[in-house]
Amino acid sequence: MYRHKVDIKFVGLLRLLVMLAACIVLLIFGFLLTEAWPFLFSEHGGQLFTDAVWHPTTGQYNLVPVILGTLYTTIGAVSVAVPFALATAIFCQFYAPRWFGRLYTSVMEVLAGIPSVVYGFWGLVVLVPLVASWQGSGASLLTGILVLSLMILPTGTLLAIAALKQVPSEWIQGSYALGLSRWATIKNIALPASGHGMLNALLLQSTRAIGETMAVLMVCGNSTLFPFGLFEPVRTLSANIALEMAYAMEMHRAALYSSALVLMVMVFILLFLNQFQNRLESTANGKS
């Protein structure tokens, strides 16, 4: 009976904390909407997607190039990091000696804890001159993709390893007992069983890449023009806010809050897609 009462109190505490976290998110969203309201619901509201350029001093607020810069850097970084994270996780879990797997995991944990400004400084000192030796000024979309992919790779690798470790060992041993090869076991047993964890890893990598500020601010060139190639400079939404919020006034400030609102909506869309995928999986598992 005592344990039952303790469990009830603990569940009540957990519910309270969950509600508090949800309230904080709603308050943030409400604050952004309140600050962006004077811009969104005025004659300037449509300018976010219709003006020629982003140039607030002349009353032009086109966010499309900045949104494209955010999407391009995020998609590029995830496209580079995810295959490497998955491959290294499979290698550590199924092919590498245990001591190597533990060592590699420890290294990834250290890399995951390095501040983003350190990655940005490294990219500025090393990658920018390297890319400049190929083409352009070096501060470009390609440099941002490389730095971001290096930043999100450790987190994605650790989550992928954790997802593979959650696969019951009985399934793996049963597959070997039936005569399946190691790769067939990975392909047909381990990867499908760890699919939910892999999707969560992909979501976390994507949200971190979307919201990254300092690294992309230092290596992407911060141009608000439309990017037409990998060697073109770009600016992301988060970098745009960090660069201009300190001196923004009135409509300019409200436009920056509008861009923050767009950034938050992009994250919400990713979360919604993840929840939708989870519901589809649950429905499929229930029917099976």
# chains A, B, ... in the order shown; residues from 1 in each chain; ligands from 1
>>> residues_around(residues="A:Gly76", least_positions_apart="5", cutoff="12 Å", atoms="only C-alpha atoms", output="compact mmCIF listing (two decimals) with N, CA and C atoms, in the first residue's frame")
# COMPACT_ATOMS: atom_id res chain seq x y z
N LEU A 68 15.52 29.75 -47.27
CA LEU A 68 16.20 28.79 -48.15
C LEU A 68 17.59 28.45 -47.61
N GLY A 69 18.29 29.46 -47.11
CA GLY A 69 19.61 29.19 -46.52
C GLY A 69 19.52 28.24 -45.34
N THR A 70 18.48 28.42 -44.52
CA THR A 70 18.28 27.51 -43.38
C THR A 70 17.97 26.09 -43.86
N LEU A 71 17.08 25.97 -44.84
CA LEU A 71 16.71 24.64 -45.34
C LEU A 71 17.88 23.97 -46.03
N ALA A 81 25.56 13.78 -42.51
CA ALA A 81 25.82 13.20 -41.20
C ALA A 81 25.11 11.88 -40.98
N VAL A 82 23.87 11.74 -41.48
CA VAL A 82 23.09 10.54 -41.19
C VAL A 82 23.74 9.26 -41.72
N PRO A 83 24.19 9.20 -42.97
CA PRO A 83 24.84 7.96 -43.42
C PRO A 83 26.08 7.61 -42.61
N LEU A 141 27.77 28.18 -48.45
CA LEU A 141 26.82 27.12 -48.08
C LEU A 141 27.55 25.80 -47.84
N LEU A 142 28.52 25.46 -48.67
CA LEU A 142 29.26 24.21 -48.51
C LEU A 142 29.98 24.16 -47.18
N THR A 143 30.63 25.25 -46.79
CA THR A 143 31.33 25.29 -45.51
C THR A 143 30.37 25.12 -44.35
N GLY A 144 29.21 25.78 -44.44
CA GLY A 144 28.21 25.63 -43.39
C GLY A 144 27.72 24.20 -43.28
N ILE A 145 27.50 23.54 -44.42
CA ILE A 145 27.05 22.14 -44.40
C ILE A 145 28.10 21.25 -43.74
N LEU A 146 29.36 21.46 -44.08
CA LEU A 146 30.42 20.62 -43.51
C LEU A 146 30.54 20.81 -42.00
N VAL A 147 30.49 22.06 -41.56
CA VAL A 147 30.60 22.32 -40.11
C VAL A 147 29.39 21.77 -39.37
N LEU A 148 28.20 22.01 -39.91
CA LEU A 148 26.99 21.50 -39.25
C LEU A 148 26.96 19.98 -39.20
N SER A 149 27.37 19.34 -40.29
CA SER A 149 27.37 17.87 -40.30
C SER A 149 28.33 17.33 -39.27
N LEU A 150 29.47 17.99 -39.10
CA LEU A 150 30.42 17.56 -38.06
C LEU A 150 29.84 17.77 -36.67
N ILE A 152 26.54 17.71 -35.75
CA ILE A 152 25.42 16.83 -35.41
C ILE A 152 25.79 15.36 -35.51
N GLN A 205 18.86 15.53 -34.88
CA GLN A 205 19.88 16.11 -35.73
C GLN A 205 19.33 17.27 -36.54
N SER A 206 18.13 17.10 -37.07
CA SER A 206 17.52 18.14 -37.91
C SER A 206 17.20 19.39 -37.10
N ALA A 209 20.37 21.26 -36.27
CA ALA A 209 20.91 21.95 -37.44
C ALA A 209 20.10 23.19 -37.78
N ILE A 210 18.76 23.11 -37.66
CA ILE A 210 17.92 24.26 -37.95
C ILE A 210 18.19 25.41 -37.00
N LEU A 230 26.65 25.75 -54.14
CA LEU A 230 27.29 25.38 -52.88
C LEU A 230 28.34 26.38 -52.44
>>> select_by_dssp(residues="stretch 52-273 of chain A", states="strand (DSSP E or B)", output="PyMOL selection string")
chain A and resi 54-55+60-61+221+234
>>> atom_distance(atom1="atom CA of A:Glu43", atom2="atom CA of A:Ser258")
14.1 Å
>>> residues_around(residues="stretch 156-167 of chain A", least_positions_apart="5", cutoff="12 Å", atoms="only C-alpha atoms", output="JSON, numbers by chain")
{"A": [77, 78, 79, 80, 81, 82, 83, 84, 85, 86, 87, 88, 89, 90, 91, 92, 93, 94, 101, 102, 104, 105, 106, 107, 108, 109, 110, 111, 112, 113, 149, 150, 151, 172, 173, 185, 186, 187, 189, 190, 191, 192, 193, 194, 195, 196, 197, 198, 199, 200, 201, 202, 203, 204, 205, 206, 207, 208, 209]}
>>> atom_distance(atom1="atom CA of A:Gly30", atom2="atom CA of A:Arg253")
16.2 Å
>>> select_by_dssp(residues="stretch 31-249 of chain A", states="alpha helix (DSSP H)", output="ChimeraX atom specification")
/A:31-40,47-50,64-90,98-112,116-122,128-134,141-165,169-177,182-185,191-193,195-211,214-219,237-244
>>> write_last_selection(atoms="C-alpha atoms", output="compact mmCIF listing (two decimals), in the first residue's frame")
# COMPACT_ATOMS: atom_id res chain seq x y z
CA PHE A 31 5.69 35.76 -26.63
CA LEU A 32 7.00 35.45 -30.20
CA LEU A 33 3.52 35.88 -31.63
CA THR A 34 2.89 38.95 -29.46
CA GLU A 35 6.15 40.60 -30.50
CA ALA A 36 5.66 39.73 -34.18
CA TRP A 37 2.00 40.84 -34.20
CA PRO A 38 2.64 44.51 -35.19
CA PHE A 39 4.46 43.32 -38.30
CA LEU A 40 2.43 40.27 -39.32
CA GLN A 47 6.53 41.59 -47.41
CA LEU A 48 8.19 38.56 -45.83
CA PHE A 49 7.70 36.69 -49.09
CA THR A 50 7.17 39.41 -51.73
CA VAL A 64 12.72 33.73 -48.55
CA PRO A 65 16.52 33.72 -49.15
CA VAL A 66 17.12 33.32 -45.41
CA ILE A 67 14.58 30.50 -45.16
CA LEU A 68 16.20 28.79 -48.15
CA GLY A 69 19.61 29.19 -46.52
CA THR A 70 18.28 27.51 -43.38
CA LEU A 71 16.71 24.64 -45.34
CA TYR A 72 19.74 24.12 -47.56
CA THR A 73 22.21 23.98 -44.68
CA THR A 74 19.96 21.70 -42.64
CA ILE A 75 19.16 19.26 -45.45
CA GLY A 76 22.79 19.21 -46.58
CA ALA A 77 24.15 18.62 -43.08
CA VAL A 78 21.64 15.87 -42.31
CA SER A 79 22.30 14.21 -45.68
CA VAL A 80 26.02 14.09 -44.90
CA ALA A 81 25.82 13.20 -41.20
CA VAL A 82 23.09 10.54 -41.19
CA PRO A 83 24.84 7.96 -43.42
CA PHE A 84 28.08 8.34 -41.45
CA ALA A 85 26.26 8.09 -38.12
CA LEU A 86 24.36 4.98 -39.19
CA ALA A 87 27.42 3.30 -40.69
CA THR A 88 29.62 3.92 -37.65
CA ALA A 89 26.86 2.79 -35.29
CA ILE A 90 26.45 -0.49 -37.20
CA ARG A 98 34.09 -4.21 -27.76
CA TRP A 99 37.02 -2.11 -26.59
CA PHE A 100 36.96 -0.15 -29.84
CA GLY A 101 33.20 0.39 -29.58
CA ARG A 102 33.52 1.72 -26.03
CA LEU A 103 36.43 3.97 -27.04
CA TYR A 104 34.58 5.33 -30.07
CA THR A 105 31.46 5.99 -28.00
CA SER A 106 33.53 7.92 -25.45
CA VAL A 107 35.06 10.02 -28.21
CA MET A 108 31.60 10.79 -29.63
CA GLU A 109 30.40 11.83 -26.17
CA VAL A 110 33.28 14.29 -25.91
CA LEU A 111 32.61 15.69 -29.39
CA ALA A 112 28.89 16.05 -28.62
CA SER A 116 29.19 25.17 -31.20
CA VAL A 117 31.38 28.27 -31.22
CA VAL A 118 34.45 25.99 -31.12
CA TYR A 119 33.23 24.17 -34.23
CA GLY A 120 32.56 27.52 -35.86
CA PHE A 121 36.03 28.82 -35.03
CA TRP A 122 37.60 25.63 -36.38
CA VAL A 128 36.99 28.46 -45.00
CA PRO A 129 40.55 28.73 -46.43
CA LEU A 130 40.29 25.16 -47.74
CA VAL A 131 37.02 25.85 -49.59
CA ALA A 132 38.40 29.19 -50.79
CA SER A 133 41.28 27.33 -52.43
CA TRP A 134 38.68 25.55 -54.58
CA LEU A 141 26.82 27.12 -48.08
CA LEU A 142 29.26 24.21 -48.51
CA THR A 143 31.33 25.29 -45.51
CA GLY A 144 28.21 25.63 -43.39
CA ILE A 145 27.05 22.14 -44.40
CA LEU A 146 30.42 20.62 -43.51
CA VAL A 147 30.60 22.32 -40.11
CA LEU A 148 26.99 21.50 -39.25
CA SER A 149 27.37 17.87 -40.30
CA LEU A 150 30.42 17.56 -38.06
CA MET A 151 28.46 19.10 -35.19
CA ILE A 152 25.42 16.83 -35.41
CA LEU A 153 27.36 13.65 -36.25
CA PRO A 154 28.30 12.75 -32.63
CA THR A 155 24.73 13.10 -31.33
CA GLY A 156 23.33 11.12 -34.22
CA THR A 157 25.93 8.39 -33.76
CA LEU A 158 25.26 8.05 -30.03
CA LEU A 159 21.49 7.86 -30.57
CA ALA A 160 21.91 5.33 -33.38
CA ILE A 161 24.12 3.14 -31.18
CA ALA A 162 21.59 3.39 -28.36
CA ALA A 163 18.78 2.41 -30.75
CA LEU A 164 20.69 -0.65 -31.97
CA LYS A 165 21.44 -1.69 -28.39
CA SER A 169 19.70 -9.94 -28.09
CA GLU A 170 17.40 -12.98 -28.46
CA TRP A 171 16.34 -11.70 -31.88
CA ILE A 172 19.93 -11.35 -33.01
CA GLN A 173 20.94 -14.75 -31.65
CA GLY A 174 17.85 -16.37 -33.16
CA SER A 175 18.73 -14.89 -36.54
CA TYR A 176 22.24 -16.31 -36.35
CA ALA A 177 20.82 -19.67 -35.26
CA ARG A 182 25.62 -10.84 -40.13
CA TRP A 183 24.57 -8.35 -42.80
CA ALA A 184 21.24 -10.12 -43.33
CA THR A 185 20.64 -9.91 -39.58
CA LEU A 191 17.49 -1.90 -38.54
CA PRO A 192 13.69 -2.48 -38.71
CA ALA A 193 13.54 -3.07 -34.95
CA GLY A 195 13.61 2.24 -36.73
CA HIS A 196 11.83 4.35 -34.11
CA GLY A 197 15.10 5.24 -32.38
CA MET A 198 16.70 6.05 -35.72
CA LEU A 199 13.86 8.43 -36.59
CA ASN A 200 14.26 10.18 -33.25
CA ALA A 201 17.98 10.54 -33.94
CA LEU A 202 17.19 12.05 -37.35
CA LEU A 203 14.70 14.46 -35.76
CA LEU A 204 17.18 15.61 -33.12
CA GLN A 205 19.88 16.11 -35.73
CA SER A 206 17.52 18.14 -37.91
CA THR A 207 16.28 20.38 -35.10
CA ARG A 208 19.81 21.09 -33.91
CA ALA A 209 20.91 21.95 -37.44
CA ILE A 210 17.92 24.26 -37.95
CA GLY A 211 18.51 26.15 -34.73
CA MET A 214 27.18 30.68 -33.98
CA ALA A 215 28.79 28.10 -36.25
CA VAL A 216 26.82 29.07 -39.36
CA LEU A 217 27.18 32.76 -38.53
CA MET A 218 30.97 32.37 -38.60
CA VAL A 219 31.39 30.28 -41.76
CA LEU A 237 17.18 32.43 -39.76
CA SER A 238 18.98 32.03 -36.44
CA ALA A 239 22.05 33.88 -37.69
CA ASN A 240 19.85 36.66 -39.07
CA ILE A 241 18.26 37.16 -35.65
CA ALA A 242 21.60 37.10 -33.83
CA LEU A 243 23.19 39.62 -36.20
CA GLU A 244 20.43 42.23 -36.26
>>> closest_residue(among="A:Thr58, A:Val25, A:Ala52, A:Leu20", to="A:His252", atoms="only C-alpha atoms")
A:Thr58
>>> closest_residue(among="A:Asn274, A:Thr236, A:Asn222, A:Gln60", to="A:Ser259", atoms="only C-alpha atoms")
A:Thr236
>>> atom_distance(atom1="atom CA of A:Met264", atom2="atom CA of A:Leu26")
11.2 Å
>>> closest_residue(among="A:Val11, A:Val53, A:Ala139, A:Val265", to="A:Pro233", atoms="only C-alpha atoms")
A:Ala139
>>> decode(residues="stretch 64-178 of chain A", atoms="C-alpha atoms", output="PDB file, in the first residue's frame")
ATOM      1  CA  VAL A  64      12.724  33.727 -48.553  1.00  0.00           C
ATOM      2  CA  PRO A  65      16.519  33.720 -49.147  1.00  0.00           C
ATOM      3  CA  VAL A  66      17.121  33.323 -45.413  1.00  0.00           C
ATOM      4  CA  ILE A  67      14.581  30.496 -45.160  1.00  0.00           C
ATOM      5  CA  LEU A  68      16.201  28.786 -48.149  1.00  0.00           C
ATOM      6  CA  GLY A  69      19.607  29.187 -46.523  1.00  0.00           C
ATOM      7  CA  THR A  70      18.275  27.507 -43.383  1.00  0.00           C
ATOM      8  CA  LEU A  71      16.709  24.640 -45.339  1.00  0.00           C
ATOM      9  CA  TYR A  72      19.740  24.117 -47.561  1.00  0.00           C
ATOM     10  CA  THR A  73      22.213  23.984 -44.679  1.00  0.00           C
ATOM     11  CA  THR A  74      19.960  21.700 -42.638  1.00  0.00           C
ATOM     12  CA  ILE A  75      19.163  19.264 -45.455  1.00  0.00           C
ATOM     13  CA  GLY A  76      22.790  19.211 -46.582  1.00  0.00           C
ATOM     14  CA  ALA A  77      24.154  18.618 -43.083  1.00  0.00           C
ATOM     15  CA  VAL A  78      21.644  15.873 -42.307  1.00  0.00           C
ATOM     16  CA  SER A  79      22.300  14.214 -45.681  1.00  0.00           C
ATOM     17  CA  VAL A  80      26.017  14.086 -44.903  1.00  0.00           C
ATOM     18  CA  ALA A  81      25.816  13.201 -41.195  1.00  0.00           C
ATOM     19  CA  VAL A  82      23.087  10.539 -41.190  1.00  0.00           C
ATOM     20  CA  PRO A  83      24.840   7.962 -43.418  1.00  0.00           C
ATOM     21  CA  PHE A  84      28.077   8.344 -41.449  1.00  0.00           C
ATOM     22  CA  ALA A  85      26.257   8.086 -38.115  1.00  0.00           C
ATOM     23  CA  LEU A  86      24.357   4.977 -39.188  1.00  0.00           C
ATOM     24  CA  ALA A  87      27.422   3.301 -40.694  1.00  0.00           C
ATOM     25  CA  THR A  88      29.615   3.924 -37.652  1.00  0.00           C
ATOM     26  CA  ALA A  89      26.856   2.788 -35.290  1.00  0.00           C
ATOM     27  CA  ILE A  90      26.448  -0.491 -37.203  1.00  0.00           C
ATOM     28  CA  PHE A  91      30.208  -0.995 -37.255  1.00  0.00           C
ATOM     29  CA  CYS A  92      30.600  -0.382 -33.503  1.00  0.00           C
ATOM     30  CA  GLN A  93      27.659  -2.604 -32.606  1.00  0.00           C
ATOM     31  CA  PHE A  94      28.185  -5.577 -34.925  1.00  0.00           C
ATOM     32  CA  TYR A  95      31.721  -5.579 -36.340  1.00  0.00           C
ATOM     33  CA  ALA A  96      34.185  -3.736 -34.094  1.00  0.00           C
ATOM     34  CA  PRO A  97      35.795  -5.249 -30.986  1.00  0.00           C
ATOM     35  CA  ARG A  98      34.088  -4.214 -27.755  1.00  0.00           C
ATOM     36  CA  TRP A  99      37.024  -2.115 -26.588  1.00  0.00           C
ATOM     37  CA  PHE A 100      36.957  -0.147 -29.840  1.00  0.00           C
ATOM     38  CA  GLY A 101      33.199   0.386 -29.585  1.00  0.00           C
ATOM     39  CA  ARG A 102      33.523   1.721 -26.033  1.00  0.00           C
ATOM     40  CA  LEU A 103      36.434   3.973 -27.041  1.00  0.00           C
ATOM     41  CA  TYR A 104      34.577   5.330 -30.066  1.00  0.00           C
ATOM     42  CA  THR A 105      31.461   5.987 -27.999  1.00  0.00           C
ATOM     43  CA  SER A 106      33.531   7.919 -25.452  1.00  0.00           C
ATOM     44  CA  VAL A 107      35.064  10.022 -28.214  1.00  0.00           C
ATOM     45  CA  MET A 108      31.605  10.787 -29.626  1.00  0.00           C
ATOM     46  CA  GLU A 109      30.397  11.831 -26.173  1.00  0.00           C
ATOM     47  CA  VAL A 110      33.282  14.295 -25.907  1.00  0.00           C
ATOM     48  CA  LEU A 111      32.613  15.686 -29.389  1.00  0.00           C
ATOM     49  CA  ALA A 112      28.894  16.046 -28.623  1.00  0.00           C
ATOM     50  CA  GLY A 113      29.730  18.234 -25.631  1.00  0.00           C
ATOM     51  CA  ILE A 114      31.986  20.687 -27.481  1.00  0.00           C
ATOM     52  CA  PRO A 115      30.361  24.164 -27.758  1.00  0.00           C
ATOM     53  CA  SER A 116      29.188  25.167 -31.202  1.00  0.00           C
ATOM     54  CA  VAL A 117      31.380  28.272 -31.225  1.00  0.00           C
ATOM     55  CA  VAL A 118      34.445  25.991 -31.122  1.00  0.00           C
ATOM     56  CA  TYR A 119      33.226  24.169 -34.229  1.00  0.00           C
ATOM     57  CA  GLY A 120      32.560  27.520 -35.865  1.00  0.00           C
ATOM     58  CA  PHE A 121      36.028  28.821 -35.034  1.00  0.00           C
ATOM     59  CA  TRP A 122      37.604  25.626 -36.377  1.00  0.00           C
ATOM     60  CA  GLY A 123      35.563  25.949 -39.558  1.00  0.00           C
ATOM     61  CA  LEU A 124      36.583  29.600 -39.905  1.00  0.00           C
ATOM     62  CA  VAL A 125      40.290  28.817 -39.502  1.00  0.00           C
ATOM     63  CA  VAL A 126      40.488  25.502 -41.385  1.00  0.00           C
ATOM     64  CA  LEU A 127      37.509  24.936 -43.687  1.00  0.00           C
ATOM     65  CA  VAL A 128      36.993  28.456 -44.998  1.00  0.00           C
ATOM     66  CA  PRO A 129      40.554  28.731 -46.425  1.00  0.00           C
ATOM     67  CA  LEU A 130      40.289  25.161 -47.742  1.00  0.00           C
ATOM     68  CA  VAL A 131      37.023  25.849 -49.594  1.00  0.00           C
ATOM     69  CA  ALA A 132      38.403  29.193 -50.791  1.00  0.00           C
ATOM     70  CA  SER A 133      41.282  27.328 -52.432  1.00  0.00           C
ATOM     71  CA  TRP A 134      38.678  25.545 -54.577  1.00  0.00           C
ATOM     72  CA  GLN A 135      36.342  28.411 -55.400  1.00  0.00           C
ATOM     73  CA  GLY A 136      34.875  31.616 -54.040  1.00  0.00           C
ATOM     74  CA  SER A 137      35.591  33.305 -50.731  1.00  0.00           C
ATOM     75  CA  GLY A 138      35.328  30.126 -48.656  1.00  0.00           C
ATOM     76  CA  ALA A 139      32.498  31.396 -46.451  1.00  0.00           C
ATOM     77  CA  SER A 140      29.689  29.580 -48.208  1.00  0.00           C
ATOM     78  CA  LEU A 141      26.823  27.122 -48.082  1.00  0.00           C
ATOM     79  CA  LEU A 142      29.262  24.210 -48.513  1.00  0.00           C
ATOM     80  CA  THR A 143      31.333  25.290 -45.508  1.00  0.00           C
ATOM     81  CA  GLY A 144      28.211  25.629 -43.389  1.00  0.00           C
ATOM     82  CA  ILE A 145      27.053  22.143 -44.401  1.00  0.00           C
ATOM     83  CA  LEU A 146      30.425  20.619 -43.514  1.00  0.00           C
ATOM     84  CA  VAL A 147      30.603  22.321 -40.114  1.00  0.00           C
ATOM     85  CA  LEU A 148      26.993  21.505 -39.246  1.00  0.00           C
ATOM     86  CA  SER A 149      27.369  17.872 -40.303  1.00  0.00           C
ATOM     87  CA  LEU A 150      30.415  17.555 -38.061  1.00  0.00           C
ATOM     88  CA  MET A 151      28.462  19.099 -35.185  1.00  0.00           C
ATOM     89  CA  ILE A 152      25.421  16.829 -35.411  1.00  0.00           C
ATOM     90  CA  LEU A 153      27.357  13.655 -36.254  1.00  0.00           C
ATOM     91  CA  PRO A 154      28.302  12.754 -32.626  1.00  0.00           C
ATOM     92  CA  THR A 155      24.734  13.102 -31.329  1.00  0.00           C
ATOM     93  CA  GLY A 156      23.326  11.119 -34.224  1.00  0.00           C
ATOM     94  CA  THR A 157      25.932   8.392 -33.764  1.00  0.00           C
ATOM     95  CA  LEU A 158      25.257   8.047 -30.031  1.00  0.00           C
ATOM     96  CA  LEU A 159      21.491   7.863 -30.573  1.00  0.00           C
ATOM     97  CA  ALA A 160      21.910   5.326 -33.385  1.00  0.00           C
ATOM     98  CA  ILE A 161      24.120   3.136 -31.182  1.00  0.00           C
ATOM     99  CA  ALA A 162      21.588   3.395 -28.358  1.00  0.00           C
ATOM    100  CA  ALA A 163      18.781   2.413 -30.751  1.00  0.00           C
ATOM    101  CA  LEU A 164      20.690  -0.653 -31.969  1.00  0.00           C
ATOM    102  CA  LYS A 165      21.437  -1.693 -28.387  1.00  0.00           C
ATOM    103  CA  GLN A 166      17.702  -1.717 -27.660  1.00  0.00           C
ATOM    104  CA  VAL A 167      17.159  -4.559 -30.128  1.00  0.00           C
ATOM    105  CA  PRO A 168      16.637  -7.722 -28.007  1.00  0.00           C
ATOM    106  CA  SER A 169      19.700  -9.941 -28.087  1.00  0.00           C
ATOM    107  CA  GLU A 170      17.404 -12.979 -28.460  1.00  0.00           C
ATOM    108  CA  TRP A 171      16.341 -11.700 -31.879  1.00  0.00           C
ATOM    109  CA  ILE A 172      19.933 -11.346 -33.013  1.00  0.00           C
ATOM    110  CA  GLN A 173      20.941 -14.748 -31.647  1.00  0.00           C
ATOM    111  CA  GLY A 174      17.848 -16.374 -33.164  1.00  0.00           C
ATOM    112  CA  SER A 175      18.730 -14.890 -36.540  1.00  0.00           C
ATOM    113  CA  TYR A 176      22.238 -16.307 -36.353  1.00  0.00           C
ATOM    114  CA  ALA A 177      20.816 -19.670 -35.256  1.00  0.00           C
ATOM    115  CA  LEU A 178      18.621 -19.741 -38.356  1.00  0.00           C
TER     116      LEU A 178
END
